Amino acid sequence: MQIVIAGAGSVGRSIARELIARGHGVTLGDKDPEAMKVSSVADANWILGDFAAPDVLDRAGTDQAEVLVAATGDDRANLVISLLAKTQFGVPRVIARVNNPKNEWMFDESWGVDVPVSTPRMMTGLVEEAVSVGTLVPLFHFYNSRNSLFSVVLPSISPVLSLSLEEVNWPAGVLLCAVMRESQPLLPSQIHTLQAGDQLLFLIPDRRGEAREELSDVLVGTISVEVPEGDGATGASGVVSGLGQAGVEEGAAGASEQQPTEIEEKSK
């Protein structure tokens with residue numbers, strides 16, 4: 001697979017090394033000459049230039065790429081690069097780094113982004129997953145299938161303790177994928193009754209967001225769901241417990257005339 005990575009900072013170089021190790025062809029570049037650390041990813045095809053400009057994307061072979069990763073530290077640049085890659089070069093899959101979570105709302109299909117990746121948001125989910133009991137925590141969003149993965153650790157006051165999975169009144173739209181008990185991953189079919197401290201993993205389709213609060217009510221009573229705004233899970237239908245299946249100030253020429261009113265400054 002041919003992949004273009006715009007942004008040769010530590011993030012871009014790390015992605016490039018991983019992809020090359022897996023046998024993919026990678027073109028990597030940056031507009032900053034100091035970022036051109038060619039020896040650090042010697043097997044990549046390096047391009048010096050501003051990837052927010054169509055001619056640089058053309059030199060990088062973007063028209064032949066199956067995936068483009070906009071990995072710069074500037075959200076403005078990542079939006080423009082994504083839009084150009086999708087509209088002018090027809091890249092099938094565009095992945096964009098979100099540096100500031102306040103800008104996450106703009107990283108969608110209207111700007112050519114298929115998959116936004118927000119490291120701060122991911123870290124927040126991991127922290128919550130590690131310390132939260134009785135709270136439904138979003139872990140990951142599957143952009144292709146429009147489903148989100150959630151986790152909850154059952155508290156000692158959970159109304160479903162000592163119930164079998166068949167006895168629980170699961171909300172429509174929720175799929176129980178696995179149960180973690182004492183560090184052991186178990187299929188739902190291996191669980192006879194639920195216990196305090198069990199960590200349950202659920203898939204919820206985006207089209208039915210109310211299922212999150214319904215599930216929280218079933219599992220932990222009055223404790224409400226805590227879902228960060230903009231986590232990508234905006235909605236989900238039909239559930240079951242059982243085996244799981246689970247504003248840009250500048251733009252490149254020809255990018256688009258749509259301009260967000262405000263965008264937070266870039267991060268390193």
# chains A, B, ... in the order shown; residues from 1 in each chain; ligands from 1
$ residues_around --residues "Thr193 (chain A)" --least-positions-apart "3" --cutoff "10 Å" --atoms "only C-alpha atoms" --output "mmCIF file with N, CA, C and O atoms, in the first residue's frame"
data_model
loop_
_atom_site.group_PDB
_atom_site.id
_atom_site.type_symbol
_atom_site.label_atom_id
_atom_site.label_comp_id
_atom_site.auth_asym_id
_atom_site.auth_seq_id
_atom_site.Cartn_x
_atom_site.Cartn_y
_atom_site.Cartn_z
ATOM 1 N N VAL A 160 -27.360 -5.275 38.540
ATOM 2 C CA VAL A 160 -27.302 -6.507 37.753
ATOM 3 C C VAL A 160 -26.402 -7.567 38.381
ATOM 4 O O VAL A 160 -26.235 -8.651 37.811
ATOM 5 N N LEU A 161 -25.824 -7.271 39.543
ATOM 6 C CA LEU A 161 -24.947 -8.256 40.187
ATOM 7 C C LEU A 161 -25.741 -9.513 40.524
ATOM 8 O O LEU A 161 -26.893 -9.456 40.956
ATOM 9 N N SER A 162 -25.090 -10.650 40.303
ATOM 10 C CA SER A 162 -25.665 -11.978 40.559
ATOM 11 C C SER A 162 -26.725 -12.377 39.539
ATOM 12 O O SER A 162 -27.323 -13.447 39.656
ATOM 13 N N LEU A 163 -26.969 -11.523 38.533
ATOM 14 C CA LEU A 163 -27.891 -11.892 37.471
ATOM 15 C C LEU A 163 -27.140 -12.577 36.341
ATOM 16 O O LEU A 163 -25.971 -12.287 36.083
ATOM 17 N N SER A 164 -27.818 -13.481 35.659
ATOM 18 C CA SER A 164 -27.244 -14.039 34.440
ATOM 19 C C SER A 164 -27.441 -13.028 33.321
ATOM 20 O O SER A 164 -28.292 -12.127 33.415
ATOM 21 N N LEU A 165 -26.688 -13.165 32.241
ATOM 22 C CA LEU A 165 -26.819 -12.217 31.132
ATOM 23 C C LEU A 165 -28.209 -12.266 30.520
ATOM 24 O O LEU A 165 -28.717 -11.246 30.038
ATOM 25 N N GLU A 166 -28.831 -13.434 30.548
ATOM 26 C CA GLU A 166 -30.172 -13.565 29.984
ATOM 27 C C GLU A 166 -31.215 -12.830 30.821
ATOM 28 O O GLU A 166 -32.283 -12.464 30.324
ATOM 29 N N GLU A 167 -30.911 -12.620 32.089
ATOM 30 C CA GLU A 167 -31.866 -11.956 32.973
ATOM 31 C C GLU A 167 -31.772 -10.436 32.922
ATOM 32 O O GLU A 167 -32.645 -9.736 33.426
ATOM 33 N N PRO A 188 -19.009 -13.589 26.554
ATOM 34 C CA PRO A 188 -20.267 -13.545 27.300
ATOM 35 C C PRO A 188 -20.848 -14.934 27.569
ATOM 36 O O PRO A 188 -21.457 -15.167 28.608
ATOM 37 N N GLN A 190 -19.338 -17.461 28.425
ATOM 38 C CA GLN A 190 -18.622 -18.099 29.525
ATOM 39 C C GLN A 190 -19.020 -17.539 30.891
ATOM 40 O O GLN A 190 -18.533 -18.009 31.916
#
$ select_by_dssp --residues "region 90-198 of chain A" --states "alpha helix (DSSP H)" --output "PyMOL selection string"
chain A and resi 119-131
$ write_last_selection --atoms "N, CA, C and O atoms" --output "PDB file, in the first residue's frame"
ATOM      1  N   THR A 119      -5.101  12.568  19.866  1.00  0.00           N
ATOM      2  CA  THR A 119      -4.329  11.945  20.946  1.00  0.00           C
ATOM      3  C   THR A 119      -4.821  12.381  22.322  1.00  0.00           C
ATOM      4  O   THR A 119      -4.970  11.536  23.220  1.00  0.00           O
ATOM      5  N   PRO A 120      -5.092  13.676  22.562  1.00  0.00           N
ATOM      6  CA  PRO A 120      -5.617  14.059  23.884  1.00  0.00           C
ATOM      7  C   PRO A 120      -6.908  13.330  24.231  1.00  0.00           C
ATOM      8  O   PRO A 120      -7.115  12.911  25.360  1.00  0.00           O
ATOM      9  N   ARG A 121      -7.803  13.164  23.240  1.00  0.00           N
ATOM     10  CA  ARG A 121      -9.065  12.474  23.487  1.00  0.00           C
ATOM     11  C   ARG A 121      -8.819  11.003  23.811  1.00  0.00           C
ATOM     12  O   ARG A 121      -9.447  10.429  24.706  1.00  0.00           O
ATOM     13  N   MET A 122      -7.903  10.380  23.089  1.00  0.00           N
ATOM     14  CA  MET A 122      -7.590   8.982  23.346  1.00  0.00           C
ATOM     15  C   MET A 122      -6.988   8.803  24.731  1.00  0.00           C
ATOM     16  O   MET A 122      -7.322   7.856  25.459  1.00  0.00           O
ATOM     17  N   MET A 123      -6.106   9.719  25.121  1.00  0.00           N
ATOM     18  CA  MET A 123      -5.487   9.639  26.445  1.00  0.00           C
ATOM     19  C   MET A 123      -6.534   9.820  27.541  1.00  0.00           C
ATOM     20  O   MET A 123      -6.490   9.131  28.570  1.00  0.00           O
ATOM     21  N   THR A 124      -7.487  10.715  27.315  1.00  0.00           N
ATOM     22  CA  THR A 124      -8.551  10.923  28.288  1.00  0.00           C
ATOM     23  C   THR A 124      -9.344   9.638  28.502  1.00  0.00           C
ATOM     24  O   THR A 124      -9.646   9.248  29.633  1.00  0.00           O
ATOM     25  N   GLY A 125      -9.684   8.967  27.392  1.00  0.00           N
ATOM     26  CA  GLY A 125     -10.421   7.717  27.490  1.00  0.00           C
ATOM     27  C   GLY A 125      -9.648   6.650  28.244  1.00  0.00           C
ATOM     28  O   GLY A 125     -10.210   5.915  29.061  1.00  0.00           O
ATOM     29  N   LEU A 126      -8.345   6.561  28.006  1.00  0.00           N
ATOM     30  CA  LEU A 126      -7.526   5.561  28.676  1.00  0.00           C
ATOM     31  C   LEU A 126      -7.415   5.852  30.173  1.00  0.00           C
ATOM     32  O   LEU A 126      -7.427   4.934  30.999  1.00  0.00           O
ATOM     33  N   VAL A 127      -7.299   7.145  30.513  1.00  0.00           N
ATOM     34  CA  VAL A 127      -7.234   7.512  31.930  1.00  0.00           C
ATOM     35  C   VAL A 127      -8.547   7.160  32.620  1.00  0.00           C
ATOM     36  O   VAL A 127      -8.565   6.558  33.699  1.00  0.00           O
ATOM     37  N   GLU A 128      -9.671   7.522  31.998  1.00  0.00           N
ATOM     38  CA  GLU A 128     -10.968   7.224  32.583  1.00  0.00           C
ATOM     39  C   GLU A 128     -11.188   5.727  32.725  1.00  0.00           C
ATOM     40  O   GLU A 128     -11.718   5.246  33.721  1.00  0.00           O
ATOM     41  N   GLU A 129     -10.761   4.982  31.711  1.00  0.00           N
ATOM     42  CA  GLU A 129     -10.919   3.530  31.753  1.00  0.00           C
ATOM     43  C   GLU A 129     -10.136   2.927  32.901  1.00  0.00           C
ATOM     44  O   GLU A 129     -10.548   1.952  33.527  1.00  0.00           O
ATOM     45  N   ALA A 130      -8.975   3.531  33.223  1.00  0.00           N
ATOM     46  CA  ALA A 130      -8.108   2.990  34.263  1.00  0.00           C
ATOM     47  C   ALA A 130      -8.623   3.281  35.664  1.00  0.00           C
ATOM     48  O   ALA A 130      -8.383   2.507  36.590  1.00  0.00           O
ATOM     49  N   VAL A 131      -9.331   4.389  35.846  1.00  0.00           N
ATOM     50  CA  VAL A 131      -9.683   4.805  37.207  1.00  0.00           C
ATOM     51  C   VAL A 131     -11.184   4.830  37.488  1.00  0.00           C
ATOM     52  O   VAL A 131     -11.577   4.977  38.646  1.00  0.00           O
TER      53      VAL A 131
END
$ closest_residue --among "A:Leu200, A:Ile157, A:Leu194, A:Trp111" --to "Cys177 (chain A)" --atoms "only C-alpha atoms"
A:Leu200
$ residues_around --residues "Leu28 (chain A)" --least-positions-apart "4" --cutoff "8 Å" --atoms "only C-alpha atoms" --output "count of residues only"
12
$ select_by_dssp --residues "region 11-253 of chain A" --states "strand (DSSP E)" --output "PyMOL selection string"
chain A and resi 25-30+45-48+67-70+93-98+115-118+137-142+147-153+175-181+184-186+199-205+240-241
$ write_last_selection --atoms "C-alpha atoms" --output "PDB file, in the first residue's frame"
ATOM      1  CA  GLY A  25       5.563   2.178   0.714  1.00  0.00           C
ATOM      2  CA  VAL A  26       5.798   5.543   2.468  1.00  0.00           C
ATOM      3  CA  THR A  27       6.404   9.086   1.240  1.00  0.00           C
ATOM      4  CA  LEU A  28       7.183  11.401   4.130  1.00  0.00           C
ATOM      5  CA  GLY A  29       7.776  15.128   4.116  1.00  0.00           C
ATOM      6  CA  ASP A  30       7.650  18.492   5.822  1.00  0.00           C
ATOM      7  CA  ASN A  45      10.698   8.695   0.066  1.00  0.00           C
ATOM      8  CA  TRP A  46      11.349  12.193   1.481  1.00  0.00           C
ATOM      9  CA  ILE A  47       9.792  15.418   0.149  1.00  0.00           C
ATOM     10  CA  LEU A  48      10.669  18.931   1.321  1.00  0.00           C
ATOM     11  CA  VAL A  67      -3.922   6.615   2.265  1.00  0.00           C
ATOM     12  CA  LEU A  68      -2.813  10.111   3.262  1.00  0.00           C
ATOM     13  CA  VAL A  69      -1.966  10.987   6.840  1.00  0.00           C
ATOM     14  CA  ALA A  70      -2.031  14.687   7.757  1.00  0.00           C
ATOM     15  CA  ARG A  93      -8.617   7.230   2.896  1.00  0.00           C
ATOM     16  CA  VAL A  94      -7.569  10.446   4.644  1.00  0.00           C
ATOM     17  CA  ILE A  95      -6.479  10.346   8.283  1.00  0.00           C
ATOM     18  CA  ALA A  96      -5.860  13.619  10.110  1.00  0.00           C
ATOM     19  CA  ARG A  97      -4.177  14.392  13.397  1.00  0.00           C
ATOM     20  CA  VAL A  98      -6.161  16.632  15.758  1.00  0.00           C
ATOM     21  CA  VAL A 115     -10.663   9.415  10.303  1.00  0.00           C
ATOM     22  CA  PRO A 116      -9.675  12.123  12.815  1.00  0.00           C
ATOM     23  CA  VAL A 117      -7.162  11.017  15.428  1.00  0.00           C
ATOM     24  CA  SER A 118      -7.121  13.043  18.634  1.00  0.00           C
ATOM     25  CA  VAL A 137     -16.294   5.275  29.229  1.00  0.00           C
ATOM     26  CA  PRO A 138     -15.779   5.675  25.435  1.00  0.00           C
ATOM     27  CA  LEU A 139     -12.625   3.879  24.323  1.00  0.00           C
ATOM     28  CA  PHE A 140     -12.620   3.847  20.529  1.00  0.00           C
ATOM     29  CA  HIS A 141     -14.718   4.820  17.529  1.00  0.00           C
ATOM     30  CA  PHE A 142     -14.838   2.632  14.407  1.00  0.00           C
ATOM     31  CA  ASN A 147     -19.822   1.955  16.006  1.00  0.00           C
ATOM     32  CA  SER A 148     -18.105   2.895  19.251  1.00  0.00           C
ATOM     33  CA  LEU A 149     -16.470   0.731  21.900  1.00  0.00           C
ATOM     34  CA  PHE A 150     -17.371   1.492  25.520  1.00  0.00           C
ATOM     35  CA  SER A 151     -16.168   0.090  28.829  1.00  0.00           C
ATOM     36  CA  VAL A 152     -17.708  -0.017  32.302  1.00  0.00           C
ATOM     37  CA  VAL A 153     -16.513  -1.566  35.552  1.00  0.00           C
ATOM     38  CA  LEU A 175     -23.792  -5.564  21.994  1.00  0.00           C
ATOM     39  CA  LEU A 176     -21.826  -7.068  24.872  1.00  0.00           C
ATOM     40  CA  CYS A 177     -18.523  -8.183  23.339  1.00  0.00           C
ATOM     41  CA  ALA A 178     -16.454  -9.391  26.286  1.00  0.00           C
ATOM     42  CA  VAL A 179     -16.133  -9.458  30.051  1.00  0.00           C
ATOM     43  CA  MET A 180     -12.799  -8.919  31.802  1.00  0.00           C
ATOM     44  CA  ARG A 181     -12.670 -10.671  35.187  1.00  0.00           C
ATOM     45  CA  GLN A 184      -8.981 -12.744  32.275  1.00  0.00           C
ATOM     46  CA  PRO A 185     -10.886 -11.952  29.040  1.00  0.00           C
ATOM     47  CA  LEU A 186     -14.089 -14.003  28.805  1.00  0.00           C
ATOM     48  CA  GLN A 199     -15.214  -4.889  33.229  1.00  0.00           C
ATOM     49  CA  LEU A 200     -17.725  -5.090  30.404  1.00  0.00           C
ATOM     50  CA  LEU A 201     -16.941  -4.075  26.821  1.00  0.00           C
ATOM     51  CA  PHE A 202     -19.808  -2.963  24.594  1.00  0.00           C
ATOM     52  CA  LEU A 203     -20.289  -1.931  20.980  1.00  0.00           C
ATOM     53  CA  ILE A 204     -22.950   0.713  20.382  1.00  0.00           C
ATOM     54  CA  PRO A 205     -23.902   1.876  16.856  1.00  0.00           C
ATOM     55  CA  VAL A 240     -27.969  -8.423  22.665  1.00  0.00           C
ATOM     56  CA  SER A 241     -25.789  -9.946  25.167  1.00  0.00           C
TER      57      SER A 241
END
$ closest_residue --among "A:Ser156, A:Gln88, A:Asn100, A:Gln195" --to "Asp75 (chain A)" --atoms "only C-alpha atoms"
A:Asn100
$ closest_residue --among "A:Trp170, A:Leu84, A:Ile3, A:Val38" --to "Ile15 (chain A)" --atoms "only C-alpha atoms"
A:Ile3
$ atom_distance --atom1 "CA of Asp74 (chain A)" --atom2 "CA of Met106 (chain A)"
13.5 Å
$ atom_distance --atom1 "CA of Ala196 (chain A)" --atom2 "CA of Pro155 (chain A)"
5.4 Å
$ atom_distance --atom1 "CA of Arg207 (chain A)" --atom2 "CA of Ser82 (chain A)"
25.5 Å
$ closest_residue --among "A:Asp206, A:Glu109, A:Asp198, A:Asp114" --to "Arg146 (chain A)" --atoms "only C-alpha atoms"
A:Asp206
$ decode --residues "region 114-207 of chain A" --atoms "C-alpha atoms" --output "compact mmCIF listing (two decimals), in the first residue's frame"
# COMPACT_ATOMS: atom_id res chain seq x y z
CA ASP A 114 -12.27 10.12 6.93
CA VAL A 115 -10.66 9.42 10.30
CA PRO A 116 -9.68 12.12 12.81
CA VAL A 117 -7.16 11.02 15.43
CA SER A 118 -7.12 13.04 18.63
CA THR A 119 -4.33 11.95 20.95
CA PRO A 120 -5.62 14.06 23.88
CA ARG A 121 -9.06 12.47 23.49
CA MET A 122 -7.59 8.98 23.35
CA MET A 123 -5.49 9.64 26.45
CA THR A 124 -8.55 10.92 28.29
CA GLY A 125 -10.42 7.72 27.49
CA LEU A 126 -7.53 5.56 28.68
CA VAL A 127 -7.23 7.51 31.93
CA GLU A 128 -10.97 7.22 32.58
CA GLU A 129 -10.92 3.53 31.75
CA ALA A 130 -8.11 2.99 34.26
CA VAL A 131 -9.68 4.80 37.21
CA SER A 132 -13.46 4.85 36.67
CA VAL A 133 -15.89 2.46 38.34
CA GLY A 134 -19.56 2.67 37.46
CA THR A 135 -19.01 5.06 34.55
CA LEU A 136 -19.54 4.19 30.90
CA VAL A 137 -16.29 5.28 29.23
CA PRO A 138 -15.78 5.68 25.44
CA LEU A 139 -12.62 3.88 24.32
CA PHE A 140 -12.62 3.85 20.53
CA HIS A 141 -14.72 4.82 17.53
CA PHE A 142 -14.84 2.63 14.41
CA TYR A 143 -15.34 5.09 11.56
CA ASN A 144 -16.03 2.50 8.86
CA SER A 145 -18.83 0.72 10.70
CA ARG A 146 -20.00 3.76 12.70
CA ASN A 147 -19.82 1.95 16.01
CA SER A 148 -18.11 2.89 19.25
CA LEU A 149 -16.47 0.73 21.90
CA PHE A 150 -17.37 1.49 25.52
CA SER A 151 -16.17 0.09 28.83
CA VAL A 152 -17.71 -0.02 32.30
CA VAL A 153 -16.51 -1.57 35.55
CA LEU A 154 -19.45 -2.80 37.61
CA PRO A 155 -19.64 -1.18 41.07
CA SER A 156 -20.71 -3.05 44.19
CA ILE A 157 -24.10 -1.31 44.03
CA SER A 158 -24.88 -2.41 40.47
CA PRO A 159 -28.45 -3.75 40.16
CA VAL A 160 -27.30 -6.51 37.75
CA LEU A 161 -24.95 -8.26 40.19
CA SER A 162 -25.67 -11.98 40.56
CA LEU A 163 -27.89 -11.89 37.47
CA SER A 164 -27.24 -14.04 34.44
CA LEU A 165 -26.82 -12.22 31.13
CA GLU A 166 -30.17 -13.57 29.98
CA GLU A 167 -31.87 -11.96 32.97
CA VAL A 168 -30.52 -8.47 32.24
CA ASN A 169 -32.88 -6.18 30.32
CA TRP A 170 -30.32 -4.96 27.77
CA PRO A 171 -31.24 -1.81 25.83
CA ALA A 172 -31.81 -2.18 22.10
CA GLY A 173 -28.66 -1.32 20.17
CA VAL A 174 -26.05 -2.60 22.63
CA LEU A 175 -23.79 -5.56 21.99
CA LEU A 176 -21.83 -7.07 24.87
CA CYS A 177 -18.52 -8.18 23.34
CA ALA A 178 -16.45 -9.39 26.29
CA VAL A 179 -16.13 -9.46 30.05
CA MET A 180 -12.80 -8.92 31.80
CA ARG A 181 -12.67 -10.67 35.19
CA GLU A 182 -9.50 -10.71 37.28
CA SER A 183 -7.46 -9.81 34.17
CA GLN A 184 -8.98 -12.74 32.28
CA PRO A 185 -10.89 -11.95 29.04
CA LEU A 186 -14.09 -14.00 28.81
CA LEU A 187 -16.74 -14.40 26.17
CA PRO A 188 -20.27 -13.55 27.30
CA SER A 189 -21.18 -17.22 26.82
CA GLN A 190 -18.62 -18.10 29.52
CA ILE A 191 -20.28 -15.87 32.13
CA HIS A 192 -22.91 -17.35 34.44
CA THR A 193 -23.53 -14.30 36.64
CA LEU A 194 -22.12 -10.79 36.76
CA GLN A 195 -19.87 -9.75 39.64
CA ALA A 196 -18.65 -6.48 41.15
CA GLY A 197 -15.41 -5.46 39.48
CA ASP A 198 -16.25 -7.09 36.15
CA GLN A 199 -15.21 -4.89 33.23
CA LEU A 200 -17.73 -5.09 30.40
CA LEU A 201 -16.94 -4.08 26.82
CA PHE A 202 -19.81 -2.96 24.59
CA LEU A 203 -20.29 -1.93 20.98
CA ILE A 204 -22.95 0.71 20.38
CA PRO A 205 -23.90 1.88 16.86
CA ASP A 206 -23.74 5.63 16.37
CA ARG A 207 -27.28 5.85 15.06
